[in-house]
Amino acid sequence: MMGTGANLSQVGPATDLFRIQVNVVGLTGSTTPLVLQNNGADNLSITADGAASFTTGWPSGTSYSVTVLTQPTGPAKVCLVSGGTGTIVSGDVSSITINCTSGYTVGGNISGLAGTGLVLQNNAGDNLTLSANGAFAFATPIANGGAYAVTVLTQPAGPTQTCVVTSGAGVIAGANITAVNINCTTNTYTVGVSVSGLIGFAGLVLQNNAGDNLNIAANGAANFATPVASGAAYAVTVLSAPAGETCTVTSGSGTIASANITGIAVTCAATTYSIGGTATGLAGSGLVLQNNGGDNLSVTTNGAFQFATSIANASAYVVTVLTQPSTPTQTCSLQNSGGTVAAANVTNLQLNCVTANIVGGSIPIVPVFTATPQLTTHSGNGSFGTVDGAAGTARFAGPRRITTDGTNLYTIESASNAVRQVSIATGAASTITLTPSNPLNQPRGVTTDGTSLFITSNASNLVHRVIIATGAVSVMAGGNSGGGTLCAGSNNANCRDGVGTAAEFNGPEGITSDGNFLYVADSGNNRIRRISIATQAVTTLAGDGSTPIISGPKDMTTDATNLYVADNGNNRVLRIPIATGVPTTLFAITGARGITTDGTNLYMTTDDHRLQMYNSINTGGTLTSIAGAAGVDAYVNGTANTVARMDSPNGVTNDGDALYISDTRNWVIRKYK
């Protein structure tokens with residue numbers, strides 16, 4: 001029969017089997033048996049000294065290897081095998097001796113254990129798995145005088161710990177070893193974040209577990225100062241974010257396992273805020289607002305409105321009217337239409353709509369001024385020239401009168417014969433390219449109906465039309481091409497009524513419109529002339545050339561019922577009903593140049609460098625200086641009626657939110673609000 005042990009071989013007949021015999025010395029007295037093995041499989045249990053044989057027989061030539069499987073205990077003994085390996089040669093093996101002597105256990109105490117899976121070894125074997133604190137001992141005793149060396153084979157997990165052995169090695173000296181100490185501590189790991197999108201680089205503070213604060217000064221990786229023990233929870237939150245930014249944490253909580261935490265993402269972005277306001281007076285349809293030149297908003301009802309696209313903190317917003325309402329035709333203007341987002345939703349835009357076209361080159365809405373109105377520079381850097389650009393870099397060459405369509409301002413420059421367009425929202429200035437080029441000759445007055453500009457050329461005695469969208473220029477009236485009718489009255493050498501170019505003017509200055517007609521301050525003729533926009537027919541509305549009636553009118557405005565004329569030569573403002581053409585003195589004022597109305601009040605610039613207001617034009621009012629100082633020509637921004645100064649202010653217009661003045665000799669456009 002074939003054997004099954006390690007390195008077994010069979011030689012000779014299967015019936016020639018031989019036994020493995022051992023001789024045991026020193027075992028007597030143990031309460032548990034000594035267990036031997038042959039070739040790792042054939043067990044032999046022995047309880048007393050003397051000879052003993054494995055039960056399995058083996059043929060000649062078979063290798064054998066006798067080892068101790070289990071040492072005896074009670075008391076513990078250590079049994080050593082002598083001559084335990086060899087090859088069977090035609091007879092039983094009887095030369096193996098087992099010598100048993102007293103043995104001692106190796107053990108000690110373990111503390112701090114919290115995890116599972118701790119495995120100790122003694123002398124690189126005899127594995128011992130421990131799961132609780134307290135006393136421990138290895139199963140295999142060590143003979144007196146034998147060495148021991150306790151080590152950690154496997155550290156605990158869940159939580160991950162590090163266990164350290166002290167007093168773990170030595171020589172057995174006639175007693176059990178109980179002084180081996182195993183001290184376990186739970187491992188700690190760092191909690192780290194990766195920050196991106198941070199803009200302000202000041203004010204971001206993170207917290208871990210509601211206590212460990214981490215100040216972040218830059219984008220990138222950062223670790224909390226306090227490590228966290230394995231098995232413990234972590235929870236990273238934003239304690240405070242930089243002003244105007246929102247920071248969010250991704251994968252910010254969990255339980256520490258056996259590695260540093262590096263996957264927490266903190267993403268910051270500028271906080272965005274909505275732009276909106278309130279609409280009043282809206283009756284028509286088709287009103288479209290626009291923010292920053294691109295975000296369109298259709299407004300269909302009165303009340304609150306809000307643009308769909310929010311704006312980042314500290315970003316500029318500029319809201320304009322892209323399309324005015326129709327059916328009925330209305331003119332809508334915006335107050336508080338531009339600014340910078342300051343960490344809050346913008347809700348103070350005020351959209352005011354009136355059922356009327358642009359009247360007199362201004363918006364017929366009473367502006368709401370601040371408690372202490374300020375005079376500021378809206379466009380221009382105070383240097384002479386015709387230079388386009390942003391509000392602070394643009395230049396003007398002696399801006400004269402000024403008009404508005406509610407979105408832009410338009411002014412004319414007598415020094416350069418240029419027509420300038422200025423954004424109300426931003427103050428950026430551009431020059432309208434005229435076709436044909438340079439048709440104007442010392443332009444003095446300008447008004448608009450929203451599509452065209454109507455401009456007086458003082459030196460060439462003409463009234464021009466300029467299409468805003470294309471810059472195309474044509475002669476509306478003037479030039480005496482023949483066929484006109486001589487004006488009645490005195491001082492009529494250059495005064496003929498007629499159609500278009502058959503009419504004559506003499507030094508025309510200001511111009512205004514009620515939507516159907518243009519009205520021209522024909523200064524050299526001391527008359528107010530009327531031009532039909534539809535037919536270009538020119539007639540005389542008021543004045544006969546004599547100075548007591550009208551003397552050197554400079555400018556005029558209208559509320560569509562009356563004209564209000566700056567009768568400069570007579571130092572007064574006239575009211576002329578359009579229906580009758582009969583002038584009356586409304587109030588006295590010295591050196592009025594530019595004039596506009598909001599339908600309730602009149603605003604005039606005067607030769608002494610001031611802006612004045614006459615209130616309640618329909619019920620009788622009071623004349624008040626509201627900006628500048630009499631006789632003081634300077635360039636100072638500030639509180640309008642105390643600090644601010646101008647130099648030869650000329651035109652003035654109203655967009656329903658503020659007044660805009662062409663400050664001629666300071667080379668800028670000023671804003672009164």
# chains A, B, ... in the order shown; residues from 1 in each chain; ligands from 1
call {"tool": "select_by_dssp", "arguments": {"residues": "region 425-560 of chain A", "states": "helix (DSSP H, G or I)", "output": "ChimeraX atom specification"}}
result
/A:500-502,523-525
call {"tool": "write_last_selection", "arguments": {"atoms": "all heavy atoms", "output": "mmCIF file, in the first residue's frame"}}
result
data_model
loop_
_atom_site.group_PDB
_atom_site.id
_atom_site.type_symbol
_atom_site.label_atom_id
_atom_site.label_comp_id
_atom_site.auth_asym_id
_atom_site.auth_seq_id
_atom_site.Cartn_x
_atom_site.Cartn_y
_atom_site.Cartn_z
ATOM 1 N N GLY A 500 -40.159 124.267 -48.061
ATOM 2 C CA GLY A 500 -38.801 123.738 -48.136
ATOM 3 C C GLY A 500 -37.770 124.795 -48.408
ATOM 4 O O GLY A 500 -37.631 125.794 -47.678
ATOM 5 N N THR A 501 -37.052 124.649 -49.497
ATOM 6 C CA THR A 501 -35.935 125.540 -49.818
ATOM 7 C C THR A 501 -36.391 126.892 -50.334
ATOM 8 O O THR A 501 -35.554 127.773 -50.556
ATOM 9 C CB THR A 501 -35.020 124.874 -50.853
ATOM 10 O OG1 THR A 501 -35.771 124.559 -52.030
ATOM 11 C CG2 THR A 501 -34.399 123.602 -50.288
ATOM 12 N N ALA A 502 -37.697 127.104 -50.539
ATOM 13 C CA ALA A 502 -38.174 128.431 -50.946
ATOM 14 C C ALA A 502 -38.220 129.387 -49.773
ATOM 15 O O ALA A 502 -38.282 130.610 -49.964
ATOM 16 C CB ALA A 502 -39.565 128.306 -51.581
ATOM 17 N N SER A 523 -33.782 133.898 -34.854
ATOM 18 C CA SER A 523 -33.257 134.946 -33.989
ATOM 19 C C SER A 523 -33.040 136.265 -34.710
ATOM 20 O O SER A 523 -33.397 137.337 -34.214
ATOM 21 C CB SER A 523 -31.945 134.468 -33.350
ATOM 22 O OG SER A 523 -31.477 135.397 -32.421
ATOM 23 N N GLY A 524 -32.436 136.208 -35.902
ATOM 24 C CA GLY A 524 -32.164 137.455 -36.623
ATOM 25 C C GLY A 524 -33.407 138.129 -37.138
ATOM 26 O O GLY A 524 -33.405 139.338 -37.402
ATOM 27 N N ASN A 525 -34.493 137.402 -37.296
ATOM 28 C CA ASN A 525 -35.754 137.955 -37.768
ATOM 29 C C ASN A 525 -36.716 138.277 -36.633
ATOM 30 O O ASN A 525 -37.821 138.776 -36.894
ATOM 31 C CB ASN A 525 -36.433 136.973 -38.734
ATOM 32 C CG ASN A 525 -35.833 137.017 -40.120
ATOM 33 O OD1 ASN A 525 -35.476 138.087 -40.618
ATOM 34 N ND2 ASN A 525 -35.723 135.847 -40.769
#
call {"tool": "atom_distance", "arguments": {"atom1": "CA of Ser196 (chain A)", "atom2": "CA of Cys247 (chain A)"}}
result
9.2 Å
call {"tool": "residues_around", "arguments": {"residues": "region 468-485 of chain A", "least_positions_apart": "6", "cutoff": "9 Å", "atoms": "only C-alpha atoms", "output": "VMD selection string"}}
result
chain A and resid 432 to 437 439 450 to 454 460 to 462 494 to 505 531 533 536 to 538
call {"tool": "residues_around", "arguments": {"residues": "Ala521 (chain A)", "least_positions_apart": "2", "cutoff": "12 Å", "atoms": "only C-alpha atoms", "output": "VMD selection string"}}
result
chain A and resid 444 to 446 455 to 458 461 463 505 to 513 518 to 519 523 to 531 540 to 543 550 to 557 563 to 568 593 to 595
call {"tool": "select_by_dssp", "arguments": {"residues": "region 406-585 of chain A", "states": "strand (DSSP E)", "output": "compact mmCIF listing (two decimals) with N, CA, C and O atoms, in the first residue's frame"}}
result
# COMPACT_ATOMS: atom_id res chain seq x y z
N ASN A 408 -30.58 108.00 -25.73
CA ASN A 408 -29.35 108.74 -26.00
C ASN A 408 -29.60 110.24 -25.91
O ASN A 408 -30.74 110.72 -26.07
N LEU A 409 -28.52 110.94 -25.67
CA LEU A 409 -28.51 112.40 -25.81
C LEU A 409 -27.88 112.73 -27.16
O LEU A 409 -27.02 112.00 -27.65
N TYR A 410 -28.30 113.86 -27.74
CA TYR A 410 -27.71 114.34 -29.00
C TYR A 410 -27.38 115.81 -28.82
O TYR A 410 -28.23 116.60 -28.38
N THR A 411 -26.13 116.15 -29.11
CA THR A 411 -25.73 117.54 -29.03
C THR A 411 -24.96 117.90 -30.29
O THR A 411 -24.43 117.02 -30.99
N ILE A 412 -24.92 119.20 -30.59
CA ILE A 412 -24.21 119.66 -31.79
C ILE A 412 -23.06 120.57 -31.36
O ILE A 412 -23.12 121.25 -30.34
N GLU A 413 -21.98 120.52 -32.14
CA GLU A 413 -20.78 121.30 -31.85
C GLU A 413 -20.59 122.34 -32.95
O GLU A 413 -20.32 121.99 -34.11
N ALA A 418 -20.07 119.04 -35.83
CA ALA A 418 -20.31 117.62 -35.60
C ALA A 418 -21.60 117.41 -34.84
O ALA A 418 -22.05 118.27 -34.06
N VAL A 419 -22.18 116.22 -35.05
CA VAL A 419 -23.35 115.78 -34.29
C VAL A 419 -22.89 114.63 -33.41
O VAL A 419 -22.41 113.61 -33.91
N ARG A 420 -23.05 114.78 -32.10
CA ARG A 420 -22.56 113.79 -31.15
C ARG A 420 -23.72 113.04 -30.50
O ARG A 420 -24.76 113.62 -30.19
N GLN A 421 -23.53 111.77 -30.30
CA GLN A 421 -24.50 110.91 -29.62
C GLN A 421 -23.89 110.42 -28.32
O GLN A 421 -22.76 109.92 -28.31
N VAL A 422 -24.62 110.56 -27.21
CA VAL A 422 -24.11 110.19 -25.89
C VAL A 422 -25.10 109.23 -25.25
O VAL A 422 -26.29 109.53 -25.13
N SER A 423 -24.62 108.07 -24.83
CA SER A 423 -25.47 107.10 -24.14
C SER A 423 -25.87 107.65 -22.77
O SER A 423 -25.02 108.05 -21.98
N ALA A 429 -19.56 108.48 -25.67
CA ALA A 429 -19.87 109.43 -26.74
C ALA A 429 -19.36 108.91 -28.08
O ALA A 429 -18.28 108.31 -28.16
N SER A 430 -20.14 109.15 -29.12
CA SER A 430 -19.74 108.82 -30.48
C SER A 430 -20.19 109.94 -31.40
O SER A 430 -21.05 110.76 -31.06
N THR A 431 -19.59 109.97 -32.60
CA THR A 431 -19.93 110.99 -33.59
C THR A 431 -20.74 110.35 -34.70
O THR A 431 -20.35 109.32 -35.25
N PRO A 443 -23.94 124.79 -36.45
CA PRO A 443 -25.24 124.37 -35.91
C PRO A 443 -25.47 124.96 -34.51
O PRO A 443 -24.55 125.03 -33.70
N ARG A 444 -26.70 125.37 -34.26
CA ARG A 444 -27.02 126.01 -32.98
C ARG A 444 -28.14 125.30 -32.22
O ARG A 444 -28.16 125.32 -31.00
N GLY A 445 -29.11 124.75 -32.94
CA GLY A 445 -30.24 124.13 -32.28
C GLY A 445 -30.44 122.71 -32.76
O GLY A 445 -30.13 122.38 -33.91
N VAL A 446 -31.01 121.84 -31.89
CA VAL A 446 -31.27 120.45 -32.27
C VAL A 446 -32.48 119.94 -31.48
O VAL A 446 -32.66 120.27 -30.31
N THR A 447 -33.32 119.17 -32.13
CA THR A 447 -34.43 118.47 -31.48
C THR A 447 -34.61 117.14 -32.20
O THR A 447 -33.99 116.88 -33.23
N THR A 448 -35.47 116.28 -31.66
CA THR A 448 -35.65 114.95 -32.25
C THR A 448 -37.09 114.49 -32.09
O THR A 448 -37.79 114.93 -31.16
N SER A 452 -35.48 111.05 -36.34
CA SER A 452 -34.64 112.05 -37.01
C SER A 452 -34.21 113.11 -36.01
O SER A 452 -34.86 113.33 -34.98
N LEU A 453 -33.11 113.75 -36.33
CA LEU A 453 -32.69 114.97 -35.66
C LEU A 453 -33.00 116.13 -36.60
O LEU A 453 -32.82 116.02 -37.82
N PHE A 454 -33.43 117.25 -36.03
CA PHE A 454 -33.67 118.47 -36.80
C PHE A 454 -32.73 119.53 -36.25
O PHE A 454 -32.76 119.82 -35.04
N ILE A 455 -31.90 120.07 -37.13
CA ILE A 455 -30.78 120.91 -36.70
C ILE A 455 -30.81 122.22 -37.47
O ILE A 455 -30.99 122.24 -38.70
N THR A 456 -30.61 123.32 -36.74
CA THR A 456 -30.48 124.63 -37.38
C THR A 456 -29.02 124.91 -37.66
O THR A 456 -28.15 124.67 -36.81
N SER A 457 -28.72 125.41 -38.87
CA SER A 457 -27.37 125.87 -39.22
C SER A 457 -27.40 127.39 -39.23
O SER A 457 -27.98 128.01 -40.14
N LEU A 462 -30.17 127.50 -42.57
CA LEU A 462 -30.90 126.32 -43.02
C LEU A 462 -31.37 125.51 -41.81
O LEU A 462 -30.80 125.57 -40.71
N VAL A 463 -32.40 124.71 -42.07
CA VAL A 463 -32.84 123.69 -41.11
C VAL A 463 -32.65 122.34 -41.79
O VAL A 463 -33.19 122.11 -42.88
N HIS A 464 -31.86 121.45 -41.14
CA HIS A 464 -31.55 120.15 -41.72
C HIS A 464 -32.30 119.04 -40.99
O HIS A 464 -32.65 119.16 -39.82
N ARG A 465 -32.50 117.96 -41.71
CA ARG A 465 -32.97 116.71 -41.11
C ARG A 465 -31.82 115.69 -41.20
O ARG A 465 -31.23 115.52 -42.27
N VAL A 466 -31.54 114.99 -40.08
CA VAL A 466 -30.53 113.93 -40.03
C VAL A 466 -31.23 112.64 -39.58
O VAL A 466 -31.81 112.60 -38.49
N ILE A 467 -31.20 111.62 -40.42
CA ILE A 467 -31.73 110.32 -40.02
C ILE A 467 -30.73 109.69 -39.04
O ILE A 467 -29.57 109.44 -39.40
N VAL A 473 -28.30 113.25 -44.42
CA VAL A 473 -28.65 114.64 -44.15
C VAL A 473 -29.38 115.21 -45.36
O VAL A 473 -28.96 115.01 -46.51
N SER A 474 -30.46 115.93 -45.09
CA SER A 474 -31.16 116.66 -46.15
C SER A 474 -31.58 118.02 -45.62
O SER A 474 -31.65 118.23 -44.40
N VAL A 475 -31.87 118.96 -46.53
CA VAL A 475 -32.35 120.28 -46.12
C VAL A 475 -33.84 120.21 -45.92
O VAL A 475 -34.59 119.84 -46.84
N MET A 476 -34.26 120.55 -44.72
CA MET A 476 -35.69 120.58 -44.42
C MET A 476 -36.32 121.87 -44.91
O MET A 476 -37.42 121.87 -45.49
N ALA A 477 -35.64 122.97 -44.68
CA ALA A 477 -36.17 124.28 -45.09
C ALA A 477 -35.04 125.30 -45.11
O ALA A 477 -34.03 125.16 -44.42
N THR A 485 -42.82 133.67 -49.95
CA THR A 485 -43.61 134.88 -49.70
C THR A 485 -42.94 135.68 -48.61
O THR A 485 -42.62 135.16 -47.54
N LEU A 486 -42.76 136.97 -48.85
CA LEU A 486 -42.11 137.84 -47.87
C LEU A 486 -42.93 137.90 -46.60
O LEU A 486 -44.15 138.04 -46.63
N ARG A 496 -38.75 134.88 -45.64
CA ARG A 496 -39.80 134.47 -46.56
C ARG A 496 -40.40 133.16 -46.08
O ARG A 496 -39.69 132.24 -45.71
N ASP A 497 -41.72 133.12 -46.12
CA ASP A 497 -42.41 131.86 -45.91
C ASP A 497 -42.46 131.12 -47.23
O ASP A 497 -42.45 131.72 -48.31
N GLY A 498 -42.54 129.81 -47.16
CA GLY A 498 -42.58 129.02 -48.37
C GLY A 498 -42.40 127.56 -48.06
O GLY A 498 -42.31 127.16 -46.89
N VAL A 499 -42.30 126.76 -49.07
CA VAL A 499 -42.16 125.32 -48.91
C VAL A 499 -40.70 124.93 -49.07
O VAL A 499 -40.08 125.22 -50.11
N PRO A 508 -30.99 131.27 -37.55
CA PRO A 508 -31.84 130.42 -36.71
C PRO A 508 -31.03 129.83 -35.54
O PRO A 508 -29.87 129.46 -35.69
N GLU A 509 -31.71 129.76 -34.38
CA GLU A 509 -31.05 129.24 -33.16
C GLU A 509 -31.78 127.97 -32.70
O GLU A 509 -31.61 126.91 -33.28
N GLY A 510 -32.57 128.08 -31.65
CA GLY A 510 -33.21 126.91 -31.08
C GLY A 510 -34.31 126.35 -31.95
O GLY A 510 -34.89 127.04 -32.80
N ILE A 511 -34.61 125.05 -31.73
CA ILE A 511 -35.65 124.38 -32.50
C ILE A 511 -36.31 123.35 -31.59
O ILE A 511 -35.67 122.73 -30.72
N THR A 512 -37.64 123.18 -31.75
CA THR A 512 -38.37 122.19 -30.98
C THR A 512 -39.48 121.62 -31.85
O THR A 512 -39.70 122.08 -32.98
N SER A 513 -40.18 120.61 -31.33
CA SER A 513 -41.20 119.94 -32.13
C SER A 513 -42.31 119.43 -31.24
O SER A 513 -42.08 119.00 -30.10
N PHE A 517 -45.15 119.52 -36.12
CA PHE A 517 -44.48 120.70 -36.63
C PHE A 517 -43.15 120.90 -35.92
O PHE A 517 -42.97 120.49 -34.76
N LEU A 518 -42.23 121.54 -36.61
CA LEU A 518 -41.03 122.08 -36.02
C LEU A 518 -41.26 123.56 -35.75
O LEU A 518 -41.94 124.25 -36.54
N TYR A 519 -40.66 124.06 -34.66
CA TYR A 519 -40.74 125.48 -34.34
C TYR A 519 -39.31 125.99 -34.19
O TYR A 519 -38.51 125.41 -33.45
N VAL A 520 -39.00 127.08 -34.92
CA VAL A 520 -37.64 127.58 -35.01
C VAL A 520 -37.57 128.98 -34.42
O VAL A 520 -38.40 129.85 -34.77
N ALA A 521 -36.60 129.18 -33.52
CA ALA A 521 -36.31 130.53 -33.01
C ALA A 521 -35.48 131.25 -34.07
O ALA A 521 -34.26 131.10 -34.12
N ASP A 522 -36.18 132.01 -34.95
CA ASP A 522 -35.51 132.73 -36.04
C ASP A 522 -34.96 134.02 -35.46
O ASP A 522 -35.56 135.09 -35.57
N ARG A 527 -38.56 136.36 -34.84
CA ARG A 527 -39.80 135.66 -35.10
C ARG A 527 -39.69 134.19 -34.64
O ARG A 527 -38.59 133.65 -34.53
N ILE A 528 -40.87 133.58 -34.49
CA ILE A 528 -40.96 132.14 -34.30
C ILE A 528 -41.57 131.58 -35.57
O ILE A 528 -42.70 131.93 -35.95
N ARG A 529 -40.82 130.68 -36.23
CA ARG A 529 -41.28 130.11 -37.49
C ARG A 529 -41.75 128.67 -37.26
O ARG A 529 -41.27 127.95 -36.38
N ARG A 530 -42.69 128.24 -38.08
CA ARG A 530 -43.26 126.91 -37.96
C ARG A 530 -43.04 126.17 -39.28
O ARG A 530 -43.28 126.70 -40.37
N ILE A 531 -42.60 124.87 -39.18
CA ILE A 531 -42.36 124.04 -40.36
C ILE A 531 -43.18 122.77 -40.22
O ILE A 531 -43.07 122.04 -39.23
N SER A 532 -44.01 122.48 -41.22
CA SER A 532 -44.74 121.22 -41.24
C SER A 532 -43.75 120.09 -41.55
O SER A 532 -43.06 120.12 -42.57
N ALA A 537 -43.67 122.90 -45.36
CA ALA A 537 -44.14 124.27 -45.53
C ALA A 537 -43.75 125.11 -44.32
O ALA A 537 -43.97 124.71 -43.17
N VAL A 538 -43.18 126.32 -44.57
CA VAL A 538 -42.71 127.22 -43.53
C VAL A 538 -43.65 128.41 -43.44
O VAL A 538 -43.95 129.07 -44.46
N THR A 539 -44.12 128.68 -42.21
CA THR A 539 -44.95 129.87 -41.97
C THR A 539 -44.42 130.56 -40.72
O THR A 539 -43.61 130.01 -39.97
N THR A 540 -44.91 131.79 -40.50
CA THR A 540 -44.53 132.54 -39.31
C THR A 540 -45.63 132.37 -38.28
O THR A 540 -46.80 132.69 -38.54
N LEU A 541 -45.30 131.87 -37.11
CA LEU A 541 -46.28 131.65 -36.05
C LEU A 541 -46.42 132.88 -35.16
O LEU A 541 -47.54 133.26 -34.80
N ALA A 542 -45.29 133.50 -34.76
CA ALA A 542 -45.36 134.61 -33.82
C ALA A 542 -44.26 135.62 -34.14
O ALA A 542 -43.19 135.26 -34.61
N ASP A 555 -33.86 130.05 -27.74
CA ASP A 555 -34.26 128.65 -27.69
C ASP A 555 -35.73 128.57 -27.32
O ASP A 555 -36.32 129.58 -26.88
N MET A 556 -36.32 127.40 -27.49
CA MET A 556 -37.70 127.21 -27.10
C MET A 556 -37.95 125.73 -26.82
O MET A 556 -37.19 124.86 -27.24
N THR A 557 -39.04 125.49 -26.11
CA THR A 557 -39.51 124.13 -25.86
C THR A 557 -41.01 124.13 -25.93
O THR A 557 -41.64 125.19 -26.06
N THR A 558 -41.61 122.96 -25.87
CA THR A 558 -43.06 122.87 -25.97
C THR A 558 -43.59 121.73 -25.12
O THR A 558 -42.88 120.74 -24.88
N ASN A 562 -48.38 124.66 -25.77
CA ASN A 562 -47.75 125.97 -25.78
C ASN A 562 -46.29 125.86 -26.15
O ASN A 562 -45.65 124.82 -25.92
N LEU A 563 -45.77 126.94 -26.70
CA LEU A 563 -44.33 127.11 -26.82
C LEU A 563 -43.87 127.98 -25.67
O LEU A 563 -44.57 128.90 -25.22
N TYR A 564 -42.65 127.68 -25.16
CA TYR A 564 -42.02 128.50 -24.14
C TYR A 564 -40.70 128.97 -24.72
O TYR A 564 -39.83 128.15 -25.03
N VAL A 565 -40.60 130.29 -24.91
CA VAL A 565 -39.51 130.87 -25.70
C VAL A 565 -38.58 131.66 -24.79
O VAL A 565 -39.04 132.51 -24.00
N ALA A 566 -37.28 131.37 -24.90
CA ALA A 566 -36.27 132.17 -24.21
C ALA A 566 -36.05 133.45 -25.02
O ALA A 566 -35.26 133.48 -25.96
N ASP A 567 -36.83 134.49 -24.69
CA ASP A 567 -36.78 135.77 -25.41
C ASP A 567 -35.60 136.55 -24.85
O ASP A 567 -35.76 137.46 -24.02
N ARG A 572 -36.80 137.67 -20.80
CA ARG A 572 -38.03 137.07 -20.31
C ARG A 572 -38.24 135.73 -21.00
O ARG A 572 -37.57 135.40 -21.98
N VAL A 573 -39.21 134.98 -20.47
CA VAL A 573 -39.69 133.78 -21.13
C VAL A 573 -41.13 134.02 -21.55
O VAL A 573 -41.96 134.45 -20.75
N LEU A 574 -41.39 133.77 -22.83
CA LEU A 574 -42.72 133.94 -23.38
C LEU A 574 -43.47 132.62 -23.40
O LEU A 574 -42.87 131.56 -23.58
N ARG A 575 -44.79 132.70 -23.23
CA ARG A 575 -45.65 131.57 -23.51
C ARG A 575 -46.46 131.89 -24.75
O ARG A 575 -47.13 132.91 -24.81
N ILE A 576 -46.38 131.00 -25.74
CA ILE A 576 -47.09 131.22 -27.00
C ILE A 576 -47.99 130.03 -27.25
O ILE A 576 -47.50 128.91 -27.54
N PRO A 577 -49.31 130.18 -27.11
CA PRO A 577 -50.20 129.07 -27.48
C PRO A 577 -50.03 128.71 -28.95
O PRO A 577 -50.07 129.60 -29.81
N THR A 584 -47.33 135.92 -24.67
CA THR A 584 -47.46 136.67 -23.43
C THR A 584 -46.25 136.40 -22.57
O THR A 584 -45.60 135.35 -22.70
N THR A 585 -45.93 137.33 -21.70
CA THR A 585 -44.78 137.16 -20.81
C THR A 585 -45.16 136.23 -19.66
O THR A 585 -46.12 136.49 -18.93
call {"tool": "residues_around", "arguments": {"residues": "region 249-260 of chain A", "least_positions_apart": "4", "cutoff": "8 Å", "atoms": "only C-alpha atoms", "output": "ChimeraX atom specification"}}
result
/A:158-160,187,189-192,228-238,264-267
call {"tool": "residues_around", "arguments": {"residues": "Val78 (chain A)", "least_positions_apart": "3", "cutoff": "8 Å", "atoms": "only C-alpha atoms", "output": "list in words"}}
result
Gln71, Pro72, Cys100, Thr101, Ser102, Gly103, Pro141, Ile142 and Ala143 of chain A
call {"tool": "write_last_selection", "arguments": {"atoms": "C-alpha atoms", "output": "PDB file, in the first residue's frame"}}
result
ATOM      1  CA  GLN A  71       2.785  20.305  23.110  1.00  0.00           C
ATOM      2  CA  PRO A  72       1.482  18.840  26.376  1.00  0.00           C
ATOM      3  CA  CYS A 100      10.105  16.535  27.170  1.00  0.00           C
ATOM      4  CA  THR A 101      11.082  19.169  29.654  1.00  0.00           C
ATOM      5  CA  SER A 102       9.136  21.804  31.584  1.00  0.00           C
ATOM      6  CA  GLY A 103       7.892  24.778  29.304  1.00  0.00           C
ATOM      7  CA  PRO A 141       5.159  27.196  25.614  1.00  0.00           C
ATOM      8  CA  ILE A 142       8.858  27.862  25.426  1.00  0.00           C
ATOM      9  CA  ALA A 143      11.437  25.674  27.125  1.00  0.00           C
TER      10      ALA A 143
END
call {"tool": "residues_around", "arguments": {"residues": "region 651-656 of chain A", "least_positions_apart": "6", "cutoff": "6 Å", "atoms": "only C-alpha atoms", "output": "short mmCIF file (atom, residue, chain, number, x, y, z; two decimals) with N, CA, C and O atoms, in the first residue's frame"}}
result
data_model
loop_
_atom_site.label_atom_id
_atom_site.label_comp_id
_atom_site.auth_asym_id
_atom_site.auth_seq_id
_atom_site.Cartn_x
_atom_site.Cartn_y
_atom_site.Cartn_z
N SER A 333 -39.41 106.04 -19.96
CA SER A 333 -38.05 106.40 -19.54
C SER A 333 -37.72 105.69 -18.23
O SER A 333 -38.62 105.30 -17.47
N SER A 362 -37.54 116.26 -25.50
CA SER A 362 -37.33 115.75 -24.15
C SER A 362 -38.47 114.81 -23.82
O SER A 362 -39.42 114.66 -24.58
N ILE A 363 -38.39 114.17 -22.66
CA ILE A 363 -39.42 113.23 -22.22
C ILE A 363 -40.33 113.96 -21.23
O ILE A 363 -39.85 114.48 -20.22
N ILE A 365 -41.87 113.80 -18.55
CA ILE A 365 -42.03 113.20 -17.23
C ILE A 365 -41.28 114.05 -16.23
O ILE A 365 -40.12 114.43 -16.47
N VAL A 366 -41.92 114.37 -15.12
CA VAL A 366 -41.25 115.18 -14.11
C VAL A 366 -40.19 114.34 -13.43
O VAL A 366 -40.51 113.30 -12.82
N PRO A 367 -38.91 114.69 -13.53
CA PRO A 367 -37.87 113.89 -12.89
C PRO A 367 -37.95 114.01 -11.37
O PRO A 367 -38.40 115.02 -10.83
N ARG A 400 -23.32 122.68 -28.01
CA ARG A 400 -24.36 123.71 -27.93
C ARG A 400 -25.61 123.12 -27.31
O ARG A 400 -25.59 122.63 -26.20
N ARG A 401 -26.72 123.15 -28.06
CA ARG A 401 -27.96 122.66 -27.49
C ARG A 401 -28.00 121.14 -27.53
O ARG A 401 -27.22 120.50 -28.21
N ILE A 402 -28.98 120.60 -26.80
CA ILE A 402 -28.99 119.17 -26.55
C ILE A 402 -30.42 118.67 -26.55
O ILE A 402 -31.35 119.40 -26.19
N THR A 403 -30.63 117.43 -27.00
CA THR A 403 -31.95 116.81 -27.04
C THR A 403 -31.81 115.34 -26.69
O THR A 403 -30.68 114.83 -26.58
N GLY A 406 -34.69 109.56 -24.99
CA GLY A 406 -34.91 108.71 -23.83
C GLY A 406 -33.84 107.66 -23.64
O GLY A 406 -33.68 107.12 -22.55
N GLY A 594 -30.78 128.23 -23.05
CA GLY A 594 -31.44 126.96 -23.34
C GLY A 594 -32.67 126.81 -22.48
O GLY A 594 -32.73 127.35 -21.36
N THR A 596 -36.05 123.87 -21.50
CA THR A 596 -36.79 122.62 -21.69
C THR A 596 -37.87 122.54 -20.64
O THR A 596 -37.90 123.34 -19.68
N SER A 662 -25.49 120.95 -21.70
CA SER A 662 -24.25 121.08 -22.47
C SER A 662 -23.48 122.26 -21.89
O SER A 662 -23.85 123.42 -22.06
#
